[in-house]
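Read the structure below first, then the notes.
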Amino acid sequence: MVKAKLNTIFPILFLVMIVSLSGCSAQVKESPVKLVNSFLVVDDISLARAEVEAVGGEINHIFFDDNVLMGEVPFGFKSNYISKIYYEGDTVPKSLDIAFNAWVKNLEWKRMPLAEKEALIDYTLEPIANDMISFEDDPFARDFSKDSYNLLNKDDYKLPYGAEPTDTSLYMIGDVSVSVILPESDGGSEDWTSSEISAVHAEVMNGLDWWAVNNPDADLVFVYNFEDQVPIASEAIESAHIDYWIVYTMDYLGYPFSGAYMNEIYDYVNDQRDLKGTDWGFVCFVVDSSNDVDGKFNDGWSAFAVMNGDGGGPYLAMTYDNNNYGIDNMDAVLAHETGHIFGAIDQYGGCACTDDVGYLNYENQNCENGCLINENSIMKTITYPFANNIIDEYARGQIGWVDTDEDGFLDIVDTEPKVYMFEIEVDPVLDYYLGTATARTTIFNAINPYYNSASINTVEDIEHRYASNGDMIYSDWIDAEHIFEGSPYERYFNFSSPILEMGSYIAQFRATNNLGGSTLEEDYTSINPLIVYGCIDLENGAYNFDGLQYNNMTNECVELRTLRLYSCNGDDIIYEDIHCNWGCDSGVCSPKSGKIKMQFIQLPEGPY
């Protein structure tokens with residue numbers, strides 16, 4: 001195959017029209033398929049999930065180590081990647097009891113009438129004081145800072161586009177890795193029982209499901225790994241809330257102490273979100289306090305979240321009892337603390353109305369201290385709003401839940417990928433033009449100046465089409481040929497199309513991100529033609545126009561004894577007619593022929 005590279009620079013506008021995003025959640029809402037709550041045991045998590053979502057199903061929880069997906073799936077759905085589907089009331093293998101129990105309890109909670117939920121609320125419970133810790137206030141972090149983070153292989157991680165390894169929870173949208181760790185001392189006053197462990201799994205899942213239920217547009221999927229009864233040297237509940245019990249836990253999991261324990265936690269979180277293919281991740285420590293008098297650490301703390309002021313937090317910790325809340329309210333406490341992990345702050349205590357936090361730098365105008373509004377909310381009174389699904393607008397803004405144009409896509413992910421510079425080559429043998437280009441995710445920039453700007457959108461589909469600059473009749477959309485050598489956020493790709501008749505053409509491109517959908521084709525606002533002109537002398541002796549379109553000027557027999565020979569004169573194609581004494585055949589004079597020059601014609605100057 002002979003390829004001739006363009007010898008002329010052509011003005012092209014790479015128009016990338018990105019589709020109005022109609023994501024999976026919106027499609028599920030409108031799906032006519034009957035969906036049922038399902039507990040799926042799968043052979044391949046990623047492929048099974050993709051097939052479920054392709055038929056209108058929705059997955060919200062994944063128990064990674066058990067190969068279990070939980071969500072709503074078309075009844076009777078079958079897949080090569082699903083080994084078994086269980087429904088509520090079924091009996092599962094003993095190894096799946098804890099996961100199945102957590103799923104069933106979550107379904108029961110969601111079906112429970114509001115009056116019954118409110119009857120369980122203890123209105124005497126006070127909000128959890130001092131449950132936000134920043135790095136600057138954490139003496140055990142020692143000299144840790146984002147700049148000194150010593151992750152050795154950080155360049156190998158598949159982080160969101162634009163994110164750094166310490167950006168583990170910039171906003172609460174997308175897939176989240178949740179590592180639930182239950183330390184167990186050798187001896188001491190506390191011993192995890194199977195029923196307690198099962199209760200923790202169920203409460204954690206219910207607490208995080210609360211966020212998924214309260215905003216389907218956030219497309220939240222929580223991917224869990226449970227590290228139960230991790231051996232440590234001393235009883236955690238008898239230590240300070242931040243102490244060596246954390247170091248012992250991380251060391252057992254393969255992350256030895258380096259002098260600042262935050263290094264180990266970040267390493268672990270990044271390893272887990274890379275393993276599970278999630279956008280974000282955090283650690284949830286749960287310390288056994290079932291035999292403790294007050295359910296607190298020995299310094300008076302119970303539940304708390306450690307927040308990086310420059311982009312969410314990498315971990316939270318709770319006791320089994322969380323002071324007076326008890327295990328039955330762990331889900332509500334976890335929901336509150338998870339708000340901290342993703343940037344929301346308390347609306348009680350020493351809060352101020354003008355505190356601005358989170359990716360969108362939202363103020364805290366629902367603070368109880370005389371602000372613009374004074375509403376119940378998960379970041380204010382915990383148990384009542386948990387039962388009633390209440391999140392105020394300012395807390396929503398702090399975790400990134402803002403949809404300005406009310407199109408069902410949150411502002412942070414309501415962006416359009418773009419196609420960047422490409423290079424065209426031509427194949428004169430097959431009469432095709434071919435190109436290479438890059439489609440890249442665009443970013444909704446962080447409004448908070450202390451946050452890195454990052455996007456979790458990925459490039460999924462790329463298409464192109466063309467039209468004559470005269471009649472403006474477009475070809476059908478043609479799929480690009482993807483090259484997956486980039487990241488999911490930056491795709492290098494090829495495209496090709498049959499050449500056209502000589503002339504001036506318009507090339508248009510559109511890329512689609514993971515949320516799907518398509519813009520109206522009429523929405524293109526500006527186009528530039530690809531001008532085609534020029535002449536090149538190919539190795540096979542043919543002379544052709546250079547550019548998007550070739551007019552093949554291979555030597556030809558124009559009469560029985562006349563051979564037309566083409567050649568280049570600058571950018572112009574010229575030819576001469578040769579008389580063949582013995583006849584002309586297939587573009588050459590027949591053997592034993594003489595040659596008589598007949599005429600020479602200069603073609604007009606291009607372009608053609």
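FYI, nothing fancy with the structure tokens labels: chains A, B, ... in order, residues from 1 per chain, ligands from 1 as they appear.
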Per-residue nearest contacts segment 267-364 of chain A to segment 178-191 of chain A, cut-off 7 Å, using only C-alpha atoms, as a Markdown table:
```
| residue | atom | partner | partner_atom | distance |
| --- | --- | --- | --- | --- |
| A:Gly281 | CA | A:Val178 | CA | 5.8 |
| A:Phe282 | CA | A:Val178 | CA | 5.5 |
| A:Val283 | CA | A:Ser179 | CA | 4.8 |
| A:Cys284 | CA | A:Val180 | CA | 4.7 |
| A:Phe285 | CA | A:Ile181 | CA | 4.8 |
| A:Val286 | CA | A:Leu182 | CA | 5.2 |
| A:Val287 | CA | A:Leu182 | CA | 6.0 |
| A:Asp288 | CA | A:Glu190 | CA | 6.2 |
| A:Ser289 | CA | A:Glu190 | CA | 6.8 |
| A:Asn291 | CA | A:Glu190 | CA | 6.3 |
```
Please identify which residues in segment 196-378 of chain A DSSP calls alpha helix (DSSP H) from the backbone, and express them as a short mmCIF file (atom, residue, chain, number, x, y, z; two decimals) with C-alpha atoms, in the first residue's frame.
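Output saved as selection36.cif:
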```cif
data_model
loop_
_atom_site.label_atom_id
_atom_site.label_comp_id
_atom_site.auth_asym_id
_atom_site.auth_seq_id
_atom_site.Cartn_x
_atom_site.Cartn_y
_atom_site.Cartn_z
CA GLU A 196 -21.53 -7.46 65.43
CA ILE A 197 -19.53 -7.75 62.21
CA SER A 198 -22.70 -8.49 60.27
CA ALA A 199 -24.41 -5.46 61.84
CA VAL A 200 -21.50 -3.18 60.85
CA HIS A 201 -21.60 -4.35 57.23
CA ALA A 202 -25.34 -3.71 57.06
CA GLU A 203 -25.17 -0.28 58.74
CA VAL A 204 -22.31 0.86 56.50
CA MET A 205 -24.14 -0.15 53.35
CA ASN A 206 -27.38 1.50 54.52
CA GLY A 207 -25.58 4.72 55.46
CA LEU A 208 -23.93 5.03 52.04
CA ASP A 209 -27.02 3.93 50.14
CA TRP A 210 -28.73 6.95 51.69
CA TRP A 211 -26.56 9.22 49.54
CA ALA A 212 -27.26 7.22 46.37
CA VAL A 213 -31.02 7.33 47.00
CA ASN A 214 -31.01 11.07 47.64
CA TYR A 244 -0.87 3.89 67.07
CA TRP A 245 -3.87 1.59 66.63
CA ILE A 246 -4.13 3.12 63.14
CA VAL A 247 -0.43 2.47 62.48
CA TYR A 248 -0.71 -1.16 63.59
CA THR A 249 -3.74 -1.67 61.38
CA MET A 250 -2.10 -0.25 58.26
CA ASP A 251 1.12 -2.15 58.94
CA TYR A 252 -0.77 -5.47 59.03
CA TYR A 261 0.76 7.81 58.94
CA MET A 262 -1.17 9.74 56.31
CA ASN A 263 1.30 8.44 53.70
CA GLU A 264 0.17 4.90 54.40
CA ILE A 265 -3.51 5.75 54.31
CA TYR A 266 -3.19 7.58 50.99
CA ASP A 267 -1.15 4.70 49.54
CA TYR A 268 -3.82 2.24 50.64
CA VAL A 269 -6.72 4.33 49.34
CA ASN A 270 -5.04 4.82 45.97
CA ASP A 271 -4.22 1.13 45.68
CA GLN A 272 -7.82 0.24 46.43
CA ARG A 273 -9.42 2.67 44.01
CA ASP A 274 -6.96 1.57 41.33
CA LEU A 275 -7.73 -2.10 41.98
CA LYS A 276 -11.48 -1.49 41.81
CA MET A 330 -24.46 3.91 62.78
CA ASP A 331 -25.94 4.36 59.30
CA ALA A 332 -27.03 7.92 60.09
CA VAL A 333 -23.69 8.75 61.72
CA LEU A 334 -21.81 7.34 58.71
CA ALA A 335 -23.95 9.36 56.31
CA HIS A 336 -23.01 12.52 58.23
CA GLU A 337 -19.29 11.68 58.33
CA THR A 338 -19.27 10.78 54.64
CA GLY A 339 -20.55 14.29 53.95
CA HIS A 340 -17.33 15.54 55.58
CA ILE A 341 -15.22 13.20 53.44
#
```
Residues within 9 Å of Ala305 of chain A, only C-alpha atoms, excluding chain neighbours under 3 positions, as a PyMOL selection string: chain A and resi 131-134+313-318+337-338+340-341
Between atom CA of Asn106 of chain A and atom CA of Asp217 of chain A, what is the distance in Å, rounded to a tenth? 20.2 Å
So which residues touch Ala387 of chain A within 9 Å, counting only C-alpha atoms, skipping near sequence neighbours fewer than 4 positions away, as an NGL selection string? :A and (114 or 117-118 or 121 or 332 or 382-383)
Residues of the last selection are to be written out with C-alpha atoms, as an mmCIF file, in the first residue's frame.
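See result.cif below for the written result:
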```
data_model
loop_
_atom_site.group_PDB
_atom_site.id
_atom_site.type_symbol
_atom_site.label_atom_id
_atom_site.label_comp_id
_atom_site.auth_asym_id
_atom_site.auth_seq_id
_atom_site.Cartn_x
_atom_site.Cartn_y
_atom_site.Cartn_z
ATOM 1 C CA LEU A 114 -41.748 7.047 57.493
ATOM 2 C CA LYS A 117 -38.606 5.334 60.991
ATOM 3 C CA GLU A 118 -39.435 8.449 62.995
ATOM 4 C CA ILE A 121 -35.479 8.415 66.487
ATOM 5 C CA ALA A 332 -27.029 7.921 60.087
ATOM 6 C CA ILE A 382 -28.222 13.651 61.759
ATOM 7 C CA THR A 383 -30.932 11.134 62.718
#
```
As JSON, numbers by chain, list the residues of segment 246-335 of chain A assigned to strand (DSSP E or B) by DSSP on the backbone atoms of this structure. {"A": [280, 281, 282, 283, 284, 285, 286, 287, 304, 305, 306, 307, 315, 316, 317, 318, 319]}
Using atom CA of Asn448 of chain A and atom CA of Asn389 of chain A as the two end points, give the distance in Å to one decimal.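 Atom-to-atom, atom CA of Asn448 of chain A and atom CA of Asn389 of chain A are spaced 27.2 Å apart.
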Have a look at A:Leu107, A:Ala218, A:Leu170, A:Ile85 and name the one nearest to Asn308 of chain A; count only C-alpha atoms.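 Of the candidates, the smallest distance to Asn308 of chain A is held by A:Leu170.
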Which of these, A:Glu363, A:Asp279, A:Glu108, A:Asp43, has the shortest distance to Ile456 of chain A once you count only C-alpha atoms? A:Asp279
Atom CA of Gly174 of chain A to atom CA of Tyr81 of chain A: how many Å, to one decimal?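 Atom-to-atom, atom CA of Gly174 of chain A and atom CA of Tyr81 of chain A are spaced 22.9 Å apart.
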Restricting the calculation to only C-alpha atoms: of A:Asp321, A:Glu463, A:Glu72, A:Asp355, which residue gets closest to Thr438 of chain A?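 Smallest distance to Thr438 of chain A is found for A:Glu463.
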Residue among A:Val402, A:Val588, A:Ile473, A:Ala439 lying closest to Val419 of chain A, counting only C-alpha atoms: A:Ala439
